[in-house]
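Trainee: What follows is the file protein03.cif, containing mmCIF, C-alpha atoms, pLDDT in the B column; chains and numbers go by the auth columns:
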data_target
#
loop_
_atom_site.group_PDB
_atom_site.id
_atom_site.type_symbol
_atom_site.label_atom_id
_atom_site.label_comp_id
_atom_site.label_asym_id
_atom_site.label_seq_id
_atom_site.Cartn_x
_atom_site.Cartn_y
_atom_site.Cartn_z
_atom_site.B_iso_or_equiv
_atom_site.auth_seq_id
_atom_site.auth_asym_id
ATOM 1 C CA MET A 1 2.484 -2.748 -22.849 97.00 1 J
ATOM 2 C CA LEU A 2 0.619 -1.106 -19.987 97.00 2 J
ATOM 3 C CA VAL A 3 -1.786 1.619 -21.123 98.00 3 J
ATOM 4 C CA ILE A 4 -2.915 4.105 -18.461 96.00 4 J
ATOM 5 C CA VAL A 5 -5.860 6.158 -19.682 97.00 5 J
ATOM 6 C CA ASP A 6 -6.556 9.709 -18.489 93.00 6 J
ATOM 7 C CA MET A 7 -5.441 9.622 -14.861 92.00 7 J
ATOM 8 C CA GLN A 8 -5.681 13.403 -14.695 90.00 8 J
ATOM 9 C CA ALA A 9 -5.667 15.930 -11.890 87.00 9 J
ATOM 10 C CA ARG A 10 -9.027 17.586 -12.590 89.00 10 J
ATOM 11 C CA LEU A 11 -10.839 14.353 -13.431 91.00 11 J
ATOM 12 C CA LEU A 12 -9.896 12.028 -10.575 91.00 12 J
ATOM 13 C CA PRO A 13 -11.571 13.967 -7.723 91.00 13 J
ATOM 14 C CA HIS A 14 -14.952 13.352 -9.381 93.00 14 J
ATOM 15 C CA LEU A 15 -14.609 9.579 -9.664 94.00 15 J
ATOM 16 C CA ASP A 16 -16.164 6.949 -7.431 95.00 16 J
ATOM 17 C CA GLY A 17 -13.185 5.141 -5.913 92.00 17 J
ATOM 18 C CA ALA A 18 -10.535 7.600 -7.117 93.00 18 J
ATOM 19 C CA GLN A 19 -8.157 6.874 -4.243 93.00 19 J
ATOM 20 C CA ARG A 20 -8.338 3.118 -4.831 94.00 20 J
ATOM 21 C CA LEU A 21 -7.850 3.658 -8.571 95.00 21 J
ATOM 22 C CA THR A 22 -4.762 5.769 -7.922 93.00 22 J
ATOM 23 C CA GLU A 23 -3.353 3.163 -5.527 94.00 23 J
ATOM 24 C CA ARG A 24 -3.996 0.252 -7.911 95.00 24 J
ATOM 25 C CA ALA A 25 -2.622 2.113 -10.939 94.00 25 J
ATOM 26 C CA GLY A 26 0.393 3.131 -8.855 93.00 26 J
ATOM 27 C CA THR A 27 1.080 -0.493 -7.975 94.00 27 J
ATOM 28 C CA LEU A 28 0.851 -1.454 -11.648 94.00 28 J
ATOM 29 C CA LEU A 29 3.238 1.327 -12.619 93.00 29 J
ATOM 30 C CA ARG A 30 5.789 0.446 -9.948 92.00 30 J
ATOM 31 C CA ALA A 31 5.734 -3.176 -11.064 95.00 31 J
ATOM 32 C CA ALA A 32 5.964 -2.186 -14.735 94.00 32 J
ATOM 33 C CA ASN A 33 9.024 -0.065 -13.915 91.00 33 J
ATOM 34 C CA LEU A 34 10.685 -2.944 -12.021 92.00 34 J
ATOM 35 C CA LEU A 35 9.893 -5.463 -14.749 94.00 35 J
ATOM 36 C CA ASP A 36 10.682 -3.257 -17.752 92.00 36 J
ATOM 37 C CA VAL A 37 7.118 -3.347 -19.073 95.00 37 J
ATOM 38 C CA PRO A 38 6.631 -0.421 -21.467 95.00 38 J
ATOM 39 C CA VAL A 39 4.073 2.176 -20.344 95.00 39 J
ATOM 40 C CA LEU A 40 1.886 4.476 -22.423 96.00 40 J
ATOM 41 C CA PHE A 41 -0.209 7.235 -20.847 94.00 41 J
ATOM 42 C CA THR A 42 -3.019 9.157 -22.460 95.00 42 J
ATOM 43 C CA GLU A 43 -4.145 12.602 -21.378 94.00 43 J
ATOM 44 C CA GLN A 44 -7.564 13.816 -22.507 92.00 44 J
ATOM 45 C CA ASN A 45 -7.491 17.549 -23.263 92.00 45 J
ATOM 46 C CA PRO A 46 -4.756 18.261 -20.688 88.00 46 J
ATOM 47 C CA ARG A 47 -5.289 22.025 -20.930 91.00 47 J
ATOM 48 C CA GLY A 48 -8.769 21.492 -19.504 88.00 48 J
ATOM 49 C CA LEU A 49 -8.249 18.430 -17.273 90.00 49 J
ATOM 50 C CA GLY A 50 -4.623 18.920 -16.269 82.00 50 J
ATOM 51 C CA GLY A 51 -1.814 16.435 -16.691 82.00 51 J
ATOM 52 C CA THR A 52 -1.410 12.993 -15.192 78.00 52 J
ATOM 53 C CA VAL A 53 -1.675 13.167 -11.401 80.00 53 J
ATOM 54 C CA GLU A 54 1.643 13.686 -9.674 78.00 54 J
ATOM 55 C CA SER A 55 0.935 10.960 -7.120 78.00 55 J
ATOM 56 C CA LEU A 56 1.504 8.265 -9.757 75.00 56 J
ATOM 57 C CA PRO A 57 5.054 6.905 -9.996 71.00 57 J
ATOM 58 C CA VAL A 58 5.666 7.958 -13.582 69.00 58 J
ATOM 59 C CA ASP A 59 9.113 7.432 -15.045 65.00 59 J
ATOM 60 C CA LEU A 60 8.969 10.006 -17.824 57.00 60 J
ATOM 61 C CA ARG A 61 12.290 8.785 -19.187 61.00 61 J
ATOM 62 C CA SER A 62 10.702 5.529 -20.302 69.00 62 J
ATOM 63 C CA ALA A 63 6.936 6.191 -20.368 80.00 63 J
ATOM 64 C CA LYS A 64 5.260 7.769 -23.370 91.00 64 J
ATOM 65 C CA VAL A 65 2.500 10.341 -22.940 92.00 65 J
ATOM 66 C CA VAL A 66 0.001 10.993 -25.729 95.00 66 J
ATOM 67 C CA GLU A 67 -2.259 14.025 -25.648 95.00 67 J
ATOM 68 C CA LYS A 68 -5.668 13.303 -27.128 96.00 68 J
ATOM 69 C CA HIS A 69 -8.972 14.981 -27.807 96.00 69 J
ATOM 70 C CA THR A 70 -10.866 11.875 -28.879 96.00 70 J
ATOM 71 C CA PHE A 71 -12.506 9.515 -26.426 97.00 71 J
ATOM 72 C CA ASP A 72 -11.165 6.466 -28.288 98.00 72 J
ATOM 73 C CA ALA A 73 -7.389 6.962 -28.184 98.00 73 J
ATOM 74 C CA THR A 74 -6.970 4.880 -31.351 98.00 74 J
ATOM 75 C CA LEU A 75 -8.403 7.825 -33.295 98.00 75 J
ATOM 76 C CA GLU A 76 -5.223 9.755 -32.429 97.00 76 J
ATOM 77 C CA PRO A 77 -2.384 8.746 -34.786 98.00 77 J
ATOM 78 C CA ALA A 78 0.256 9.426 -32.105 97.00 78 J
ATOM 79 C CA PHE A 79 -1.368 6.835 -29.844 98.00 79 J
ATOM 80 C CA VAL A 80 -1.440 4.148 -32.535 98.00 80 J
ATOM 81 C CA ASP A 81 2.163 4.988 -33.479 98.00 81 J
ATOM 82 C CA ALA A 82 3.232 4.440 -29.848 97.00 82 J
ATOM 83 C CA LEU A 83 1.771 0.915 -29.687 98.00 83 J
ATOM 84 C CA PRO A 84 3.803 -2.224 -30.343 97.00 84 J
ATOM 85 C CA PRO A 85 2.812 -4.193 -33.434 97.00 85 J
ATOM 86 C CA ALA A 86 -0.452 -6.147 -33.194 96.00 86 J
ATOM 87 C CA PRO A 87 -1.321 -8.740 -31.958 97.00 87 J
ATOM 88 C CA ALA A 88 0.598 -7.724 -28.826 97.00 88 J
ATOM 89 C CA THR A 89 -1.148 -7.784 -25.460 98.00 89 J
ATOM 90 C CA LEU A 90 -2.126 -4.459 -23.916 98.00 90 J
ATOM 91 C CA TRP A 91 -3.048 -4.173 -20.231 98.00 91 J
ATOM 92 C CA VAL A 92 -5.442 -1.238 -19.891 98.00 92 J
ATOM 93 C CA ALA A 93 -6.387 0.741 -16.774 98.00 93 J
ATOM 94 C CA GLY A 94 -7.537 4.270 -15.947 97.00 94 J
ATOM 95 C CA ALA A 95 -10.507 6.600 -16.187 96.00 95 J
ATOM 96 C CA GLU A 96 -13.303 6.907 -16.972 95.00 96 J
ATOM 97 C CA ALA A 97 -14.053 3.214 -17.358 97.00 97 J
ATOM 98 C CA HIS A 98 -17.204 3.663 -19.430 98.00 98 J
ATOM 99 C CA VAL A 99 -15.899 6.396 -21.743 97.00 99 J
ATOM 100 C CA CYS A 100 -12.212 6.727 -22.644 97.00 100 J
ATOM 101 C CA VAL A 101 -11.072 3.398 -21.206 98.00 101 J
ATOM 102 C CA LEU A 102 -13.853 1.349 -22.810 98.00 102 J
ATOM 103 C CA LEU A 103 -13.783 3.162 -26.151 98.00 103 J
ATOM 104 C CA THR A 104 -9.994 2.805 -26.321 98.00 104 J
ATOM 105 C CA VAL A 105 -10.272 -0.891 -25.465 98.00 105 J
ATOM 106 C CA LEU A 106 -12.827 -1.379 -28.245 98.00 106 J
ATOM 107 C CA GLY A 107 -10.539 0.525 -30.618 98.00 107 J
ATOM 108 C CA VAL A 108 -7.442 -1.552 -29.898 98.00 108 J
ATOM 109 C CA LEU A 109 -9.480 -4.745 -30.167 98.00 109 J
ATOM 110 C CA ARG A 110 -10.573 -3.626 -33.661 98.00 110 J
ATOM 111 C CA LEU A 111 -6.891 -3.080 -34.502 98.00 111 J
ATOM 112 C CA GLY A 112 -6.119 -6.708 -33.612 98.00 112 J
ATOM 113 C CA TYR A 113 -4.598 -6.355 -30.144 98.00 113 J
ATOM 114 C CA ARG A 114 -5.208 -8.706 -27.238 98.00 114 J
ATOM 115 C CA VAL A 115 -6.575 -6.724 -24.306 98.00 115 J
ATOM 116 C CA GLU A 116 -6.337 -7.403 -20.593 98.00 116 J
ATOM 117 C CA PHE A 117 -8.849 -5.044 -18.933 98.00 117 J
ATOM 118 C CA VAL A 118 -7.496 -4.446 -15.427 98.00 118 J
ATOM 119 C CA ALA A 119 -10.888 -4.347 -13.712 98.00 119 J
ATOM 120 C CA ASP A 120 -9.682 -3.266 -10.276 97.00 120 J
ATOM 121 C CA ALA A 121 -7.729 -0.353 -11.784 97.00 121 J
ATOM 122 C CA VAL A 122 -10.546 1.489 -13.560 98.00 122 J
ATOM 123 C CA ALA A 123 -13.097 3.967 -12.228 97.00 123 J
ATOM 124 C CA SER A 124 -16.028 6.117 -13.336 97.00 124 J
ATOM 125 C CA ARG A 125 -18.082 8.846 -11.722 96.00 125 J
ATOM 126 C CA ARG A 126 -20.808 6.287 -10.996 97.00 126 J
ATOM 127 C CA ALA A 127 -20.265 2.684 -9.928 96.00 127 J
ATOM 128 C CA ALA A 128 -22.978 1.481 -12.324 97.00 128 J
ATOM 129 C CA ASP A 129 -21.121 2.968 -15.305 97.00 129 J
ATOM 130 C CA ARG A 130 -17.927 1.182 -14.227 97.00 130 J
ATOM 131 C CA ALA A 131 -19.785 -2.118 -13.919 98.00 131 J
ATOM 132 C CA VAL A 132 -21.319 -1.781 -17.390 98.00 132 J
ATOM 133 C CA ALA A 133 -17.929 -0.854 -18.875 98.00 133 J
ATOM 134 C CA ILE A 134 -16.311 -3.964 -17.417 98.00 134 J
ATOM 135 C CA GLU A 135 -19.082 -6.204 -18.741 98.00 135 J
ATOM 136 C CA ARG A 136 -19.072 -4.527 -22.177 98.00 136 J
ATOM 137 C CA ALA A 137 -15.303 -4.903 -22.484 98.00 137 J
ATOM 138 C CA ARG A 138 -15.637 -8.587 -21.615 98.00 138 J
ATOM 139 C CA GLN A 139 -18.482 -9.112 -24.086 98.00 139 J
ATOM 140 C CA ASP A 140 -16.495 -7.490 -26.886 98.00 140 J
ATOM 141 C CA GLY A 141 -13.396 -9.621 -26.384 98.00 141 J
ATOM 142 C CA ALA A 142 -11.245 -8.101 -23.645 98.00 142 J
ATOM 143 C CA ARG A 143 -10.080 -10.461 -20.929 98.00 143 J
ATOM 144 C CA LEU A 144 -10.765 -9.294 -17.404 98.00 144 J
ATOM 145 C CA THR A 145 -7.887 -9.327 -14.959 98.00 145 J
ATOM 146 C CA THR A 146 -6.699 -7.690 -11.751 98.00 146 J
ATOM 147 C CA VAL A 147 -3.599 -5.790 -10.726 98.00 147 J
ATOM 148 C CA GLU A 148 -2.120 -8.775 -8.876 97.00 148 J
ATOM 149 C CA THR A 149 -2.866 -11.250 -11.655 97.00 149 J
ATOM 150 C CA THR A 150 -1.247 -8.871 -14.134 98.00 150 J
ATOM 151 C CA ILE A 151 1.880 -8.436 -12.058 97.00 151 J
ATOM 152 C CA PHE A 152 2.342 -12.146 -11.326 97.00 152 J
ATOM 153 C CA GLY A 153 1.728 -12.863 -15.010 97.00 153 J
ATOM 154 C CA TRP A 154 4.461 -10.405 -15.986 97.00 154 J
ATOM 155 C CA MET A 155 6.894 -12.187 -13.641 96.00 155 J
ATOM 156 C CA GLY A 156 5.860 -15.713 -14.585 96.00 156 J
ATOM 157 C CA SER A 157 7.699 -17.383 -11.717 95.00 157 J
ATOM 158 C CA CYS A 158 8.814 -16.917 -8.121 94.00 158 J
ATOM 159 C CA ARG A 159 12.303 -17.390 -9.534 96.00 159 J
ATOM 160 C CA HIS A 160 12.112 -14.086 -11.365 96.00 160 J
ATOM 161 C CA PRO A 161 15.096 -11.966 -10.253 96.00 161 J
ATOM 162 C CA ARG A 162 12.765 -9.098 -9.189 95.00 162 J
ATOM 163 C CA PHE A 163 10.246 -11.335 -7.391 96.00 163 J
ATOM 164 C CA ARG A 164 10.976 -10.049 -3.870 95.00 164 J
ATOM 165 C CA ASP A 165 10.943 -6.415 -4.999 95.00 165 J
ATOM 166 C CA VAL A 166 7.629 -6.870 -6.755 95.00 166 J
ATOM 167 C CA LEU A 167 6.133 -8.908 -3.916 93.00 167 J
ATOM 168 C CA ALA A 168 6.859 -5.975 -1.581 93.00 168 J
ATOM 169 C CA LEU A 169 4.584 -3.788 -3.751 92.00 169 J
ATOM 170 C CA ILE A 170 1.639 -6.090 -3.188 89.00 170 J
ATOM 171 C CA LYS A 171 1.990 -6.737 0.537 81.00 171 J
#
As structure tokens - that is how I would like this structure written.
Mentor:
Amino acid sequence: MLVIVDMQARLLPHLDGAQRLTERAGTLLRAANLLDVPVLFTEQNPRGLGGTVESLPVDLRSAKVVEKHTFDATLEPAFVDALPPAPATLWVAGAEAHVCVLLTVLGVLRLGYRVEFVADAVASRRAADRAVAIERARQDGARLTTVETTIFGWMGSCRHPRFRDVLALIK
């Protein structure tokens, strides 16, 4: 399952690298849609921060959206209920890397999930906070990965029937 944390309209403009984050998360989402990878979004206090940005290719028919008011999404029962059974692998991306993304990653690790921290699809207000979040996630048991590694891992082979469609997303 792909977990996209707090990619919200009033938060993104304040992030270092927000445009790159949106592009990388968009690529992940397009690939997830093509490859039937389930997607779960979180929205931190959407009344204050707005909903998920409209520029992301969200298929609301298949994606789940969980409203939360905790920084660690695992403290929201609706989030935990939306997850597949542990020890499934969760690919996690979003904002802010050092707050909601990291705390959610630590929470799902405690619940017994395997975590792939998509390092080129996270952002924070300050680059130093993002760097610390990536290192902390790694130290605590998340595996670091990138958007392209994730997508090629989901396909597994150049013989995948959607290979050409997915390859077009990356080029």
Trainee: Taking every listed atom of range 149-168 of chain J and adding 5 Å to each side, what centre and edge lengths in Å (one decimal) does the axis-aligned box have, as AutoDock Vina command-line options?
Mentor:
--center_x 6.1 --center_y -11.7 --center_z -8.8 --size_x 28.0 --size_y 21.4 --size_z 24.4
Trainee: Might you spell out which residues the PyMOL selection byres ((chain J and resi 54) around 12) would select in the displayed file, as a list in words?
Mentor: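 Listing what the PyMOL selection byres ((chain J and resi 54) around 12) selects in the shown file: Met7, Gln8, Ala9, Arg10, Leu12, Thr22, Gly26, Gly50, Gly51, Thr52, Val53, Ser55, Leu56, Pro57, Val58, Asp59 and Leu60 of chain J.
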Trainee: Could you give me, as a PyMOL selection string, the residues within 12 Å of Glu96 in chain J, counting all atoms listed in the file and dropping anything in the same chain fewer than 2 positions from it?
Mentor: chain J and resi 4-8+11-18+21+42-44+71-72+92-94+98-105+119+121-127+129-134
Trainee: Nearest to Phe152 in chain J: which of J:Pro77, J:Ala25, J:Ala32, J:Ala86 is it, counting only C-alpha atoms?
Mentor: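 Nearest to Phe152 in chain J: J:Ala32.
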Trainee: For the file shown, report as number ranges by chain the outcome of the PyMOL selection byres ((chain J and resi 141) around 9) at residue level.
Mentor: J: 106, 109, 114-115, 136-140, 142-143
Trainee: Find the distance between CA of Lys171 in chain J and CA of Leu34 in chain J and write it in Å to one decimal.
Mentor: 15.7 Å
Trainee: Can you work out the spacing between CA of Leu28 in chain J and CA of Lys64 in chain J in Å, to one decimal?
Mentor: 15.6 Å
Trainee: Could you check how far CA of Leu29 in chain J sits from CA of Ala63 in chain J, in Å to one decimal?
Mentor: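 Interatomic distance here is 9.9 Å.
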Trainee: Return the single residue from J:Met1, J:Val166, J:Leu49, J:Ala73 that is closest to Leu111 in chain J, with distances computed using only C-alpha atoms.
Mentor: J:Ala73
Trainee: Need the shell around Gly153 in chain J: protein/DNA/RNA residues with any atom at most 12 Å away, counting all atoms listed in the file. Skip same-chain ones fewer than 2 positions apart. Format as a list in words?
Mentor: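 Skipping anything fewer than 2 positions along the chain leaves Leu28, Ala31, Ala32, Leu35, Val37, Thr89, Trp91, Glu116, Thr145, Thr146, Val147, Glu148, Thr149, Thr150, Ile151, Met155, Gly156, Ser157, Cys158, His160, Phe163 and Val166 of chain J.
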Trainee: With only C-alpha atoms as the basis for distance, which of J:Val3, J:Pro38, J:Pro85, J:Ala168 is at the shortest distance from Val118 in chain J?
Mentor: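 Of J:Val3, J:Pro38, J:Pro85, J:Ala168, the one nearest Val118 in chain J, counting only C-alpha atoms, is J:Val3.
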